[in-house]
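Chemist: The following block contains the structure, expressed as structure tokens.
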Amino acid sequence: MRTVHTRAELTAARDSRTGTVAVVMTMGALHEGHAALLRAARERADQLVVTIFVNPLQFGPNEDFDRYPRTLDADLEVCRAAGVDLVFAPSAAEMYPAGQPMVRVDPGRLGADLEGGSRPGFFHGVLTVVLKLLNLVRPDLAFFGEKDYQQLTLVRRMARDLDLPVEVVGVPTVREPDGLALSSRNRYLSEAERRTASGLSAALLAGVAAAERGDDGSGVLAAAHRAFAATAPDARLDYLVLTDPDLEPGPTSGPGRLLVAAWVGRTRLIDNMPIRLADGEPLAP
Ligand code: PAF
């Protein structure tokens, strides 16, 4: 495995490679969720590239950019064990040599909703760095976790709307035994907060169970809210919504997505699950 820190090194490595190239973009602090992304990418790629970059553009002024965990040595070990070929770990000056970019990707209406509603400018920052990294790495495949479902949806949308020559692949969320979705931010949680944090997945599971019983959208949301209040009374709910799989407002039947965001202490966590509302047809077992 090679680790490079500059665009020049990346370009040289890129120009000497052959076969199918996959990229997994990360901000480091790699965990088992990232390892699942690496395994999925490894299966389909001849060359697997990982990027590690804590992107300042996607953090608001009062967010956790400064305290975001930076664990490069441990991350490189995870990459080595997963059979990664090339790691690109640039500095901010290398990524943004002229300072903050004036031109950024506009995520459109969807970028202002949900995560974008609570974190203004977040998806401008995410899509701008994703597009830059796609241009630098030039992969055939790019793997993103379903844990950040709105990010995955917007990256797919950007690839489609801007004709990017890349296949965007989503990988299911990896969870702790009690259901908590793995996230680099889980390491901020105290023991008590860690217990509260399981309220997010408990809410989603209650919604999924209500849908399986045949409840309609409002029944699903009511069940999810009840479970959240019972499991995570100390958490502050940001949103708990039911959308269609493309994040358009609530479906009345068929496939949908249930998404939640909440503050547990000073830590903001998000999670989501696929859901299927009864549509008159028997539900799959
Ligand atoms: O999901 C993340 O870790 C980041 O948003 C990403 C895609 C690496 C862009 O900085």
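Residues in the structure tokens are numbered from 1 in each chain, the chains being A, B, ... in the order shown, and ligands are numbered from 1 in the order shown.
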Set the cut-off to 10 Å, count only C-alpha atoms and all ligand atoms, and list whatever residues fall near ligand 1 as a PyMOL selection string.

Modeler: chain A and resi 24-30+34+50-59+122-123+125-131+133+143-149+151-152+155+183-184

Chemist: Write a file of the selected residues as a JSON list (two decimals), in the first residue's frame, keeping C-alpha atoms.

Modeler:
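Saved as part_34.json:
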[["chain", "number", "residue", "atom", "x", "y", "z"],
["A", 24, "VAL", "CA", -13.77, 5.24, -0.69],
["A", 25, "MET", "CA", -13.74, 8.83, 0.58],
["A", 26, "THR", "CA", -13.39, 9.31, 4.33],
["A", 27, "MET", "CA", -12.55, 11.87, 6.96],
["A", 28, "GLY", "CA", -10.49, 9.25, 8.81],
["A", 29, "ALA", "CA", -11.22, 7.92, 12.32],
["A", 30, "LEU", "CA", -11.98, 4.70, 10.48],
["A", 34, "HIS", "CA", -15.60, 2.11, 6.89],
["A", 50, "VAL", "CA", -8.97, 5.64, -0.02],
["A", 51, "THR", "CA", -8.98, 9.36, 0.66],
["A", 52, "ILE", "CA", -8.54, 10.66, 4.21],
["A", 53, "PHE", "CA", -9.30, 14.35, 4.58],
["A", 54, "VAL", "CA", -11.17, 16.27, 7.28],
["A", 55, "ASN", "CA", -12.82, 18.76, 4.94],
["A", 56, "PRO", "CA", -13.06, 22.20, 6.59],
["A", 57, "LEU", "CA", -15.62, 23.29, 3.99],
["A", 58, "GLN", "CA", -18.34, 21.05, 5.43],
["A", 59, "PHE", "CA", -18.09, 22.23, 9.05],
["A", 122, "PHE", "CA", -22.92, 21.52, 4.79],
["A", 123, "PHE", "CA", -23.80, 19.91, 1.46],
["A", 125, "GLY", "CA", -18.94, 21.68, 1.32],
["A", 126, "VAL", "CA", -19.53, 17.93, 0.95],
["A", 127, "LEU", "CA", -20.36, 17.97, -2.77],
["A", 128, "THR", "CA", -17.51, 20.37, -3.56],
["A", 129, "VAL", "CA", -14.90, 18.13, -1.93],
["A", 130, "VAL", "CA", -16.47, 14.97, -3.38],
["A", 131, "LEU", "CA", -16.35, 16.46, -6.87],
["A", 133, "LEU", "CA", -11.73, 14.13, -5.12],
["A", 143, "PHE", "CA", -18.57, 3.82, -2.48],
["A", 144, "PHE", "CA", -20.58, 5.72, 0.15],
["A", 145, "GLY", "CA", -22.32, 4.50, 3.32],
["A", 146, "GLU", "CA", -26.11, 4.50, 3.63],
["A", 147, "LYS", "CA", -25.59, 5.84, 7.17],
["A", 148, "ASP", "CA", -25.26, 9.29, 5.56],
["A", 149, "TYR", "CA", -28.28, 8.67, 3.36],
["A", 151, "GLN", "CA", -25.16, 12.57, 1.35],
["A", 152, "LEU", "CA", -25.39, 9.34, -0.69],
["A", 155, "VAL", "CA", -23.78, 12.41, -4.54],
["A", 183, "SER", "CA", -20.05, 6.71, 13.39],
["A", 184, "SER", "CA", -16.73, 8.42, 14.02]]

Chemist: Show which residues sit within 12 Å of Glu191 (chain A), as a PyMOL selection string. Count only C-alpha atoms, and ignore same-chain residues fewer than 5 positions away.

Modeler: chain A and resi 186+196-198+264-265

Chemist: Please write the residues from the selection above to a file, keeping all heavy atoms, as a short mmCIF file (atom, residue, chain, number, x, y, z; two decimals), in the first residue's frame.

Modeler:
data_model
loop_
_atom_site.label_atom_id
_atom_site.label_comp_id
_atom_site.auth_asym_id
_atom_site.auth_seq_id
_atom_site.Cartn_x
_atom_site.Cartn_y
_atom_site.Cartn_z
N ASN A 186 -19.34 8.71 17.44
CA ASN A 186 -19.76 7.95 18.63
C ASN A 186 -18.69 8.04 19.72
O ASN A 186 -18.98 7.89 20.90
CB ASN A 186 -20.02 6.48 18.30
CG ASN A 186 -21.27 6.30 17.45
OD1 ASN A 186 -22.01 7.25 17.24
ND2 ASN A 186 -21.49 5.09 16.95
N THR A 196 -28.14 6.40 25.74
CA THR A 196 -29.21 7.25 25.16
C THR A 196 -29.19 7.17 23.63
O THR A 196 -30.24 7.17 22.98
CB THR A 196 -28.99 8.72 25.60
OG1 THR A 196 -29.09 8.77 27.00
CG2 THR A 196 -30.00 9.65 24.97
N ALA A 197 -27.97 7.09 23.08
CA ALA A 197 -27.81 7.14 21.62
C ALA A 197 -28.54 5.99 20.92
O ALA A 197 -28.94 6.12 19.75
CB ALA A 197 -26.33 7.12 21.26
N SER A 198 -28.75 4.88 21.64
CA SER A 198 -29.44 3.75 21.00
C SER A 198 -30.91 4.10 20.74
O SER A 198 -31.60 3.37 20.02
CB SER A 198 -29.32 2.49 21.85
OG SER A 198 -30.03 2.68 23.04
N VAL A 264 -27.35 14.22 21.33
CA VAL A 264 -27.14 13.48 22.57
C VAL A 264 -26.00 14.21 23.28
O VAL A 264 -24.85 14.12 22.84
CB VAL A 264 -26.80 12.00 22.28
CG1 VAL A 264 -26.54 11.24 23.57
CG2 VAL A 264 -27.91 11.34 21.48
N GLY A 265 -26.33 14.98 24.30
CA GLY A 265 -25.34 15.89 24.87
C GLY A 265 -24.91 16.89 23.81
O GLY A 265 -25.75 17.48 23.13
#

Chemist: Using only C-alpha atoms, determine which residues lie at most 9 Å from region 86-90 of chain A, disregarding the query and same-chain residues fewer than 2 positions distant; provide the list as an MDAnalysis selection string.

Modeler: chainID A and resid 1:7 9:10 13 47:53 72 76 79 84 92:95 137

Chemist: Between A:Ala202, A:Val105, A:Arg14, A:Leu240, which residue has the minimum interatomic distance to Ser218 (chain A), considering only C-alpha atoms?

Modeler: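 With only C-alpha atoms as the atom set, the closest residue is A:Leu240.
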
Chemist: Would you return as a count of residues only the members of region 220-266 of chain A that DSSP assigns to strand (DSSP E) on this structure's backbone?

Modeler: 19

Chemist: Looking at A:Ala209, A:Arg226, A:Ala112, A:Gln150, which one is nearest to Asp244 (chain A), with distances taken over only C-alpha atoms?

Modeler: A:Gln150

Chemist: What is the distance between CA of Gly33 (chain A) and CA of Asp163 (chain A), in Å to one decimal?

Modeler: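 The value is 28.5 Å.
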
Chemist: Enumerate the residues of region 61-229 of chain A with a DSSP assignment of helix (DSSP H, G or I), computed from the backbone, and present them as a tab-separated table (two decimals) with N, CA, C and O atoms, in the first residue's frame.

Modeler:
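states_31.tsv, freshly written:
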chain	number	residue	atom	x	y	z
A	72	LEU	N	-4.47	9.20	11.90
A	72	LEU	CA	-3.94	8.72	10.62
A	72	LEU	C	-3.23	7.37	10.74
A	72	LEU	O	-3.44	6.48	9.91
A	73	ASP	N	-2.38	7.19	11.79
A	73	ASP	CA	-1.63	5.92	11.86
A	73	ASP	C	-2.57	4.72	11.96
A	73	ASP	O	-2.40	3.71	11.26
A	74	ALA	N	-3.56	4.84	12.85
A	74	ALA	CA	-4.53	3.74	13.00
A	74	ALA	C	-5.33	3.56	11.70
A	74	ALA	O	-5.62	2.42	11.28
A	75	ASP	N	-5.65	4.66	11.04
A	75	ASP	CA	-6.43	4.57	9.78
A	75	ASP	C	-5.64	3.82	8.71
A	75	ASP	O	-6.19	3.02	7.96
A	76	LEU	N	-4.33	4.10	8.68
A	76	LEU	CA	-3.50	3.43	7.66
A	76	LEU	C	-3.45	1.93	7.93
A	76	LEU	O	-3.43	1.12	6.99
A	77	GLU	N	-3.46	1.55	9.22
A	77	GLU	CA	-3.48	0.12	9.57
A	77	GLU	C	-4.76	-0.54	9.06
A	77	GLU	O	-4.74	-1.62	8.49
A	78	VAL	N	-5.91	0.16	9.26
A	78	VAL	CA	-7.20	-0.37	8.78
A	78	VAL	C	-7.14	-0.54	7.25
A	78	VAL	O	-7.57	-1.57	6.71
A	79	CYS	N	-6.57	0.45	6.58
A	79	CYS	CA	-6.50	0.39	5.11
A	79	CYS	C	-5.61	-0.76	4.66
A	79	CYS	O	-5.95	-1.51	3.73
A	80	ARG	N	-4.47	-0.90	5.35
A	80	ARG	CA	-3.52	-1.97	4.98
A	80	ARG	C	-4.21	-3.33	5.13
A	80	ARG	O	-4.16	-4.17	4.23
A	81	ALA	N	-4.91	-3.51	6.26
A	81	ALA	CA	-5.57	-4.80	6.53
A	81	ALA	C	-6.67	-5.07	5.51
A	81	ALA	O	-6.98	-6.23	5.22
A	92	ALA	N	-5.09	20.55	4.17
A	92	ALA	CA	-6.08	21.51	3.66
A	92	ALA	C	-5.45	22.41	2.61
A	92	ALA	O	-6.07	22.75	1.60
A	93	ALA	N	-4.16	22.78	2.82
A	93	ALA	CA	-3.49	23.65	1.86
A	93	ALA	C	-3.30	22.95	0.51
A	93	ALA	O	-3.33	23.59	-0.55
A	94	GLU	N	-3.12	21.63	0.56
A	94	GLU	CA	-2.96	20.87	-0.68
A	94	GLU	C	-4.30	20.80	-1.43
A	94	GLU	O	-4.35	20.92	-2.65
A	95	MET	N	-5.38	20.61	-0.67
A	95	MET	CA	-6.70	20.51	-1.31
A	95	MET	C	-7.22	21.86	-1.78
A	95	MET	O	-7.89	21.96	-2.79
A	109	ARG	N	-32.33	22.22	-3.95
A	109	ARG	CA	-33.38	22.22	-2.92
A	109	ARG	C	-33.13	21.17	-1.84
A	109	ARG	O	-33.24	21.45	-0.65
A	110	LEU	N	-32.74	19.97	-2.25
A	110	LEU	CA	-32.54	18.89	-1.27
A	110	LEU	C	-31.40	19.19	-0.30
A	110	LEU	O	-31.40	18.74	0.84
A	111	GLY	N	-30.45	20.01	-0.76
A	111	GLY	CA	-29.32	20.35	0.10
A	111	GLY	C	-29.68	21.29	1.23
A	111	GLY	O	-28.89	21.49	2.16
A	112	ALA	N	-30.86	21.90	1.15
A	112	ALA	CA	-31.28	22.84	2.20
A	112	ALA	C	-32.21	22.17	3.21
A	112	ALA	O	-32.64	22.78	4.17
A	115	GLU	N	-30.46	17.47	6.94
A	115	GLU	CA	-29.13	17.85	7.43
A	115	GLU	C	-28.78	19.28	7.01
A	115	GLU	O	-28.19	20.04	7.77
A	116	GLY	N	-29.14	19.63	5.79
A	116	GLY	CA	-28.83	20.97	5.28
A	116	GLY	C	-29.62	22.05	6.01
A	116	GLY	O	-29.16	23.18	6.15
A	117	GLY	N	-30.81	21.69	6.52
A	117	GLY	CA	-31.61	22.64	7.30
A	117	GLY	C	-30.93	22.97	8.61
A	117	GLY	O	-30.94	24.12	9.06
A	118	SER	N	-30.33	21.96	9.23
A	118	SER	CA	-29.67	22.16	10.53
A	118	SER	C	-28.22	22.59	10.37
A	118	SER	O	-27.64	23.12	11.31
A	122	PHE	N	-23.57	22.84	4.62
A	122	PHE	CA	-22.92	21.52	4.79
A	122	PHE	C	-22.77	20.79	3.45
A	122	PHE	O	-21.68	20.35	3.09
A	123	PHE	N	-23.88	20.70	2.70
A	123	PHE	CA	-23.80	19.91	1.46
A	123	PHE	C	-23.06	20.64	0.33
A	123	PHE	O	-22.55	19.99	-0.57
A	124	HIS	N	-22.99	21.98	0.39
A	124	HIS	CA	-22.10	22.67	-0.55
A	124	HIS	C	-20.68	22.18	-0.33
A	124	HIS	O	-19.93	21.89	-1.27
A	125	GLY	N	-20.30	22.11	0.96
A	125	GLY	CA	-18.94	21.68	1.32
A	125	GLY	C	-18.70	20.22	0.96
A	125	GLY	O	-17.64	19.87	0.43
A	126	VAL	N	-19.70	19.36	1.24
A	126	VAL	CA	-19.53	17.93	0.95
A	126	VAL	C	-19.41	17.71	-0.57
A	126	VAL	O	-18.47	17.06	-1.05
A	127	LEU	N	-20.36	18.25	-1.32
A	127	LEU	CA	-20.36	17.97	-2.77
A	127	LEU	C	-19.14	18.60	-3.45
A	127	LEU	O	-18.59	18.03	-4.40
A	128	THR	N	-18.70	19.74	-2.95
A	128	THR	CA	-17.51	20.37	-3.56
A	128	THR	C	-16.29	19.48	-3.36
A	128	THR	O	-15.53	19.22	-4.31
A	129	VAL	N	-16.09	18.98	-2.14
A	129	VAL	CA	-14.90	18.13	-1.93
A	129	VAL	C	-15.05	16.79	-2.64
A	129	VAL	O	-14.08	16.24	-3.18
A	130	VAL	N	-16.27	16.25	-2.68
A	130	VAL	CA	-16.47	14.97	-3.38
A	130	VAL	C	-16.16	15.14	-4.87
A	130	VAL	O	-15.45	14.31	-5.46
A	131	LEU	N	-16.62	16.23	-5.44
A	131	LEU	CA	-16.35	16.46	-6.87
A	131	LEU	C	-14.84	16.64	-7.11
A	131	LEU	O	-14.27	16.10	-8.05
A	132	LYS	N	-14.18	17.41	-6.22
A	132	LYS	CA	-12.73	17.59	-6.36
A	132	LYS	C	-12.02	16.24	-6.27
A	132	LYS	O	-11.14	15.93	-7.07
A	133	LEU	N	-12.41	15.42	-5.29
A	133	LEU	CA	-11.73	14.13	-5.12
A	133	LEU	C	-12.02	13.20	-6.30
A	133	LEU	O	-11.14	12.45	-6.73
A	134	LEU	N	-13.25	13.26	-6.83
A	134	LEU	CA	-13.53	12.45	-8.02
A	134	LEU	C	-12.65	12.91	-9.19
A	134	LEU	O	-12.12	12.09	-9.94
A	135	ASN	N	-12.48	14.22	-9.33
A	135	ASN	CA	-11.64	14.73	-10.42
A	135	ASN	C	-10.18	14.35	-10.24
A	135	ASN	O	-9.47	14.09	-11.21
A	136	LEU	N	-9.73	14.32	-8.99
A	136	LEU	CA	-8.32	13.99	-8.73
A	136	LEU	C	-8.06	12.49	-8.87
A	136	LEU	O	-7.06	12.07	-9.45
A	137	VAL	N	-8.97	11.67	-8.34
A	137	VAL	CA	-8.74	10.21	-8.33
A	137	VAL	C	-9.19	9.58	-9.65
A	137	VAL	O	-8.60	8.61	-10.11
A	146	GLU	N	-24.70	4.10	3.51
A	146	GLU	CA	-26.11	4.50	3.63
A	146	GLU	C	-26.37	5.22	4.94
A	146	GLU	O	-27.40	5.86	5.11
A	147	LYS	N	-25.45	5.11	5.89
A	147	LYS	CA	-25.59	5.84	7.17
A	147	LYS	C	-25.82	7.32	6.91
A	147	LYS	O	-26.65	7.96	7.55
A	148	ASP	N	-25.07	7.89	5.96
A	148	ASP	CA	-25.26	9.29	5.56
A	148	ASP	C	-26.12	9.28	4.30
A	148	ASP	O	-25.64	9.52	3.19
A	149	TYR	N	-27.42	8.98	4.50
A	149	TYR	CA	-28.28	8.67	3.36
A	149	TYR	C	-28.50	9.90	2.47
A	149	TYR	O	-28.56	9.79	1.25
A	150	GLN	N	-28.62	11.07	3.10
A	150	GLN	CA	-28.84	12.28	2.30
A	150	GLN	C	-27.59	12.60	1.48
A	150	GLN	O	-27.67	13.03	0.33
A	151	GLN	N	-26.42	12.37	2.08
A	151	GLN	CA	-25.16	12.57	1.35
A	151	GLN	C	-25.10	11.62	0.15
A	151	GLN	O	-24.79	12.03	-0.98
A	152	LEU	N	-25.41	10.33	0.39
A	152	LEU	CA	-25.39	9.34	-0.69
A	152	LEU	C	-26.37	9.76	-1.80
A	152	LEU	O	-26.03	9.72	-3.00
A	153	THR	N	-27.57	10.19	-1.40
A	153	THR	CA	-28.59	10.58	-2.38
A	153	THR	C	-28.10	11.78	-3.21
A	153	THR	O	-28.26	11.82	-4.43
A	154	LEU	N	-27.49	12.75	-2.54
A	154	LEU	CA	-27.03	13.96	-3.25
A	154	LEU	C	-25.82	13.66	-4.13
A	154	LEU	O	-25.69	14.24	-5.22
A	155	VAL	N	-24.94	12.76	-3.69
A	155	VAL	CA	-23.78	12.41	-4.54
A	155	VAL	C	-24.28	11.70	-5.80
A	155	VAL	O	-23.84	11.97	-6.92
A	156	ARG	N	-25.26	10.80	-5.60
A	156	ARG	CA	-25.86	10.11	-6.78
A	156	ARG	C	-26.47	11.13	-7.72
A	156	ARG	O	-26.34	11.05	-8.94
A	157	ARG	N	-27.18	12.07	-7.13
A	157	ARG	CA	-27.88	13.10	-7.90
A	157	ARG	C	-26.87	13.97	-8.66
A	157	ARG	O	-27.06	14.30	-9.83
A	158	MET	N	-25.77	14.32	-7.97
A	158	MET	CA	-24.72	15.14	-8.62
A	158	MET	C	-24.13	14.37	-9.81
A	158	MET	O	-23.92	14.94	-10.89
A	159	ALA	N	-23.86	13.07	-9.60
A	159	ALA	CA	-23.26	12.26	-10.68
A	159	ALA	C	-24.21	12.23	-11.88
A	159	ALA	O	-23.77	12.34	-13.04
A	160	ARG	N	-25.52	12.13	-11.58
A	160	ARG	CA	-26.50	12.07	-12.67
A	160	ARG	C	-26.66	13.43	-13.34
A	160	ARG	O	-26.57	13.57	-14.55
A	161	ASP	N	-26.85	14.46	-12.51
A	161	ASP	CA	-27.15	15.79	-13.06
A	161	ASP	C	-25.95	16.39	-13.79
A	161	ASP	O	-26.12	17.16	-14.74
A	184	SER	N	-17.95	7.92	13.39
A	184	SER	CA	-16.73	8.42	14.02
A	184	SER	C	-17.08	9.29	15.22
A	184	SER	O	-16.29	9.43	16.15
A	185	ARG	N	-18.26	9.90	15.20
A	185	ARG	CA	-18.65	10.79	16.31
A	185	ARG	C	-19.11	10.03	17.54
A	185	ARG	O	-19.25	10.64	18.61
A	186	ASN	N	-19.34	8.71	17.44
A	186	ASN	CA	-19.76	7.95	18.63
A	186	ASN	C	-18.69	8.04	19.72
A	186	ASN	O	-18.98	7.89	20.90
A	187	ARG	N	-17.44	8.27	19.30
A	187	ARG	CA	-16.38	8.30	20.32
A	187	ARG	C	-16.47	9.55	21.20
A	187	ARG	O	-15.79	9.64	22.20
A	188	TYR	N	-17.30	10.52	20.85
A	188	TYR	CA	-17.51	11.67	21.72
A	188	TYR	C	-18.41	11.33	22.91
A	188	TYR	O	-18.48	12.09	23.87
A	191	GLU	N	-20.51	7.25	28.70
A	191	GLU	CA	-21.21	5.97	28.84
A	191	GLU	C	-22.73	6.17	28.87
A	191	GLU	O	-23.48	5.43	28.23
A	192	ALA	N	-23.16	7.18	29.62
A	192	ALA	CA	-24.61	7.43	29.74
A	192	ALA	C	-25.16	7.89	28.39
A	192	ALA	O	-26.24	7.45	27.96
A	193	GLU	N	-24.41	8.75	27.70
A	193	GLU	CA	-24.87	9.23	26.38
A	193	GLU	C	-24.91	8.07	25.38
A	193	GLU	O	-25.79	8.01	24.52
A	194	ARG	N	-23.96	7.16	25.53
A	194	ARG	CA	-23.91	6.01	24.63
A	194	ARG	C	-25.21	5.19	24.74
A	194	ARG	O	-25.74	4.71	23.74
A	195	ARG	N	-25.73	5.05	25.99
A	195	ARG	CA	-26.99	4.32	26.17
A	195	ARG	C	-28.15	5.10	25.54
A	195	ARG	O	-28.99	4.53	24.85
A	196	THR	N	-28.14	6.40	25.74
A	196	THR	CA	-29.21	7.25	25.16
A	196	THR	C	-29.19	7.17	23.63
A	196	THR	O	-30.24	7.17	22.98
A	197	ALA	N	-27.97	7.09	23.08
A	197	ALA	CA	-27.81	7.14	21.62
A	197	ALA	C	-28.54	5.99	20.92
A	197	ALA	O	-28.94	6.12	19.75
A	198	SER	N	-28.75	4.88	21.64
A	198	SER	CA	-29.44	3.75	21.00
A	198	SER	C	-30.91	4.10	20.74
A	198	SER	O	-31.60	3.37	20.02
A	199	GLY	N	-31.38	5.23	21.28
A	199	GLY	CA	-32.76	5.66	21.03
A	199	GLY	C	-33.02	5.98	19.57
A	199	GLY	O	-34.15	5.87	19.10
A	200	LEU	N	-31.98	6.38	18.84
A	200	LEU	CA	-32.21	6.70	17.41
A	200	LEU	C	-32.60	5.45	16.64
A	200	LEU	O	-33.60	5.45	15.91
A	201	SER	N	-31.81	4.37	16.81
A	201	SER	CA	-32.15	3.16	16.05
A	201	SER	C	-33.42	2.52	16.61
A	201	SER	O	-34.20	1.92	15.85
A	202	ALA	N	-33.65	2.67	17.94
A	202	ALA	CA	-34.88	2.11	18.52
A	202	ALA	C	-36.10	2.78	17.89
A	202	ALA	O	-37.10	2.11	17.57
A	203	ALA	N	-36.02	4.09	17.67
A	203	ALA	CA	-37.13	4.80	17.04
A	203	ALA	C	-37.37	4.29	15.61
A	203	ALA	O	-38.50	4.03	15.20
A	204	LEU	N	-36.27	4.12	14.87
A	204	LEU	CA	-36.40	3.65	13.48
A	204	LEU	C	-36.98	2.25	13.44
A	204	LEU	O	-37.87	1.96	12.64
A	205	LEU	N	-36.48	1.38	14.35
A	205	LEU	CA	-36.97	0.00	14.35
A	205	LEU	C	-38.45	-0.05	14.71
A	205	LEU	O	-39.21	-0.85	14.16
A	206	ALA	N	-38.89	0.83	15.62
A	206	ALA	CA	-40.31	0.86	15.99
A	206	ALA	C	-41.13	1.29	14.78
A	206	ALA	O	-42.23	0.76	14.54
A	207	GLY	N	-40.62	2.24	14.00
A	207	GLY	CA	-41.32	2.67	12.78
A	207	GLY	C	-41.40	1.55	11.76
A	207	GLY	O	-42.45	1.31	11.16
A	208	VAL	N	-40.28	0.84	11.59
A	208	VAL	CA	-40.25	-0.27	10.63
A	208	VAL	C	-41.26	-1.35	11.06
A	208	VAL	O	-42.03	-1.88	10.25
A	209	ALA	N	-41.30	-1.63	12.39
A	209	ALA	CA	-42.22	-2.66	12.89
A	209	ALA	C	-43.67	-2.21	12.67
A	209	ALA	O	-44.52	-3.03	12.30
A	210	ALA	N	-43.95	-0.93	12.87
A	210	ALA	CA	-45.32	-0.43	12.67
A	210	ALA	C	-45.72	-0.59	11.20
A	210	ALA	O	-46.86	-0.97	10.89
A	211	ALA	N	-44.78	-0.31	10.30
A	211	ALA	CA	-45.08	-0.48	8.86
A	211	ALA	C	-45.35	-1.94	8.55
A	211	ALA	O	-46.25	-2.27	7.77
A	212	GLU	N	-44.58	-2.83	9.18
A	212	GLU	CA	-44.77	-4.26	8.93
A	212	GLU	C	-46.13	-4.73	9.44
A	212	GLU	O	-46.72	-5.66	8.91
A	213	ARG	N	-46.63	-4.07	10.49
A	213	ARG	CA	-47.98	-4.41	11.01
A	213	ARG	C	-49.06	-3.85	10.11
A	213	ARG	O	-50.23	-4.13	10.29
A	217	GLY	N	-48.42	5.94	7.16
A	217	GLY	CA	-47.27	6.81	7.46
A	217	GLY	C	-47.39	7.50	8.81
A	217	GLY	O	-46.41	7.55	9.56
A	218	SER	N	-48.59	8.01	9.13
A	218	SER	CA	-48.67	8.72	10.42
A	218	SER	C	-48.57	7.76	11.58
A	218	SER	O	-47.99	8.10	12.63
A	219	GLY	N	-49.07	6.53	11.42
A	219	GLY	CA	-48.92	5.52	12.47
A	219	GLY	C	-47.46	5.15	12.67
A	219	GLY	O	-46.97	4.98	13.79
A	220	VAL	N	-46.74	5.05	11.55
A	220	VAL	CA	-45.31	4.73	11.59
A	220	VAL	C	-44.56	5.81	12.37
A	220	VAL	O	-43.75	5.53	13.26
A	221	LEU	N	-44.84	7.07	12.04
A	221	LEU	CA	-44.14	8.17	12.70
A	221	LEU	C	-44.50	8.24	14.18
A	221	LEU	O	-43.64	8.50	15.03
A	222	ALA	N	-45.77	8.00	14.48
A	222	ALA	CA	-46.19	8.04	15.90
A	222	ALA	C	-45.46	6.96	16.69
A	222	ALA	O	-44.95	7.21	17.80
A	223	ALA	N	-45.36	5.75	16.11
A	223	ALA	CA	-44.66	4.65	16.80
A	223	ALA	C	-43.18	5.02	17.00
A	223	ALA	O	-42.60	4.76	18.06
A	224	ALA	N	-42.58	5.61	15.98
A	224	ALA	CA	-41.16	5.98	16.07
A	224	ALA	C	-40.95	7.05	17.15
A	224	ALA	O	-40.01	6.97	17.95
A	225	HIS	N	-41.82	8.05	17.18
A	225	HIS	CA	-41.71	9.11	18.20
A	225	HIS	C	-41.86	8.53	19.61
A	225	HIS	O	-41.11	8.90	20.52
A	226	ARG	N	-42.84	7.63	19.78
A	226	ARG	CA	-43.05	7.02	21.11
A	226	ARG	C	-41.79	6.28	21.55
A	226	ARG	O	-41.32	6.42	22.68
A	227	ALA	N	-41.21	5.51	20.63
A	227	ALA	CA	-40.01	4.71	20.98
A	227	ALA	C	-38.84	5.64	21.30
A	227	ALA	O	-38.07	5.38	22.23
A	228	PHE	N	-38.72	6.73	20.55
A	228	PHE	CA	-37.61	7.66	20.81
A	228	PHE	C	-37.76	8.28	22.20
A	228	PHE	O	-36.81	8.32	22.99
A	229	ALA	N	-38.98	8.73	22.52
A	229	ALA	CA	-39.23	9.37	23.82
A	229	ALA	C	-38.97	8.39	24.96
A	229	ALA	O	-38.43	8.76	26.01

Chemist: CA of Leu162 (chain A) to CA of Glu248 (chain A): how many Å, to one decimal?

Modeler: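 Separation of CA of Leu162 (chain A) and CA of Glu248 (chain A): 20.2 Å.
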
Chemist: Could you tell me which of A:Arg42, A:Arg268, A:Arg276, A:Arg17 comes closest to Asp215 (chain A) if we count only C-alpha atoms?

Modeler: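 The shortest atom-to-atom distance to Asp215 (chain A) comes from A:Arg276.
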
Chemist: Between CA of Val260 (chain A) and CA of Arg39 (chain A), what distance in Å does the model show, to one decimal?

Modeler: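 Separating CA of Val260 (chain A) from CA of Arg39 (chain A) is a distance of 26.8 Å.
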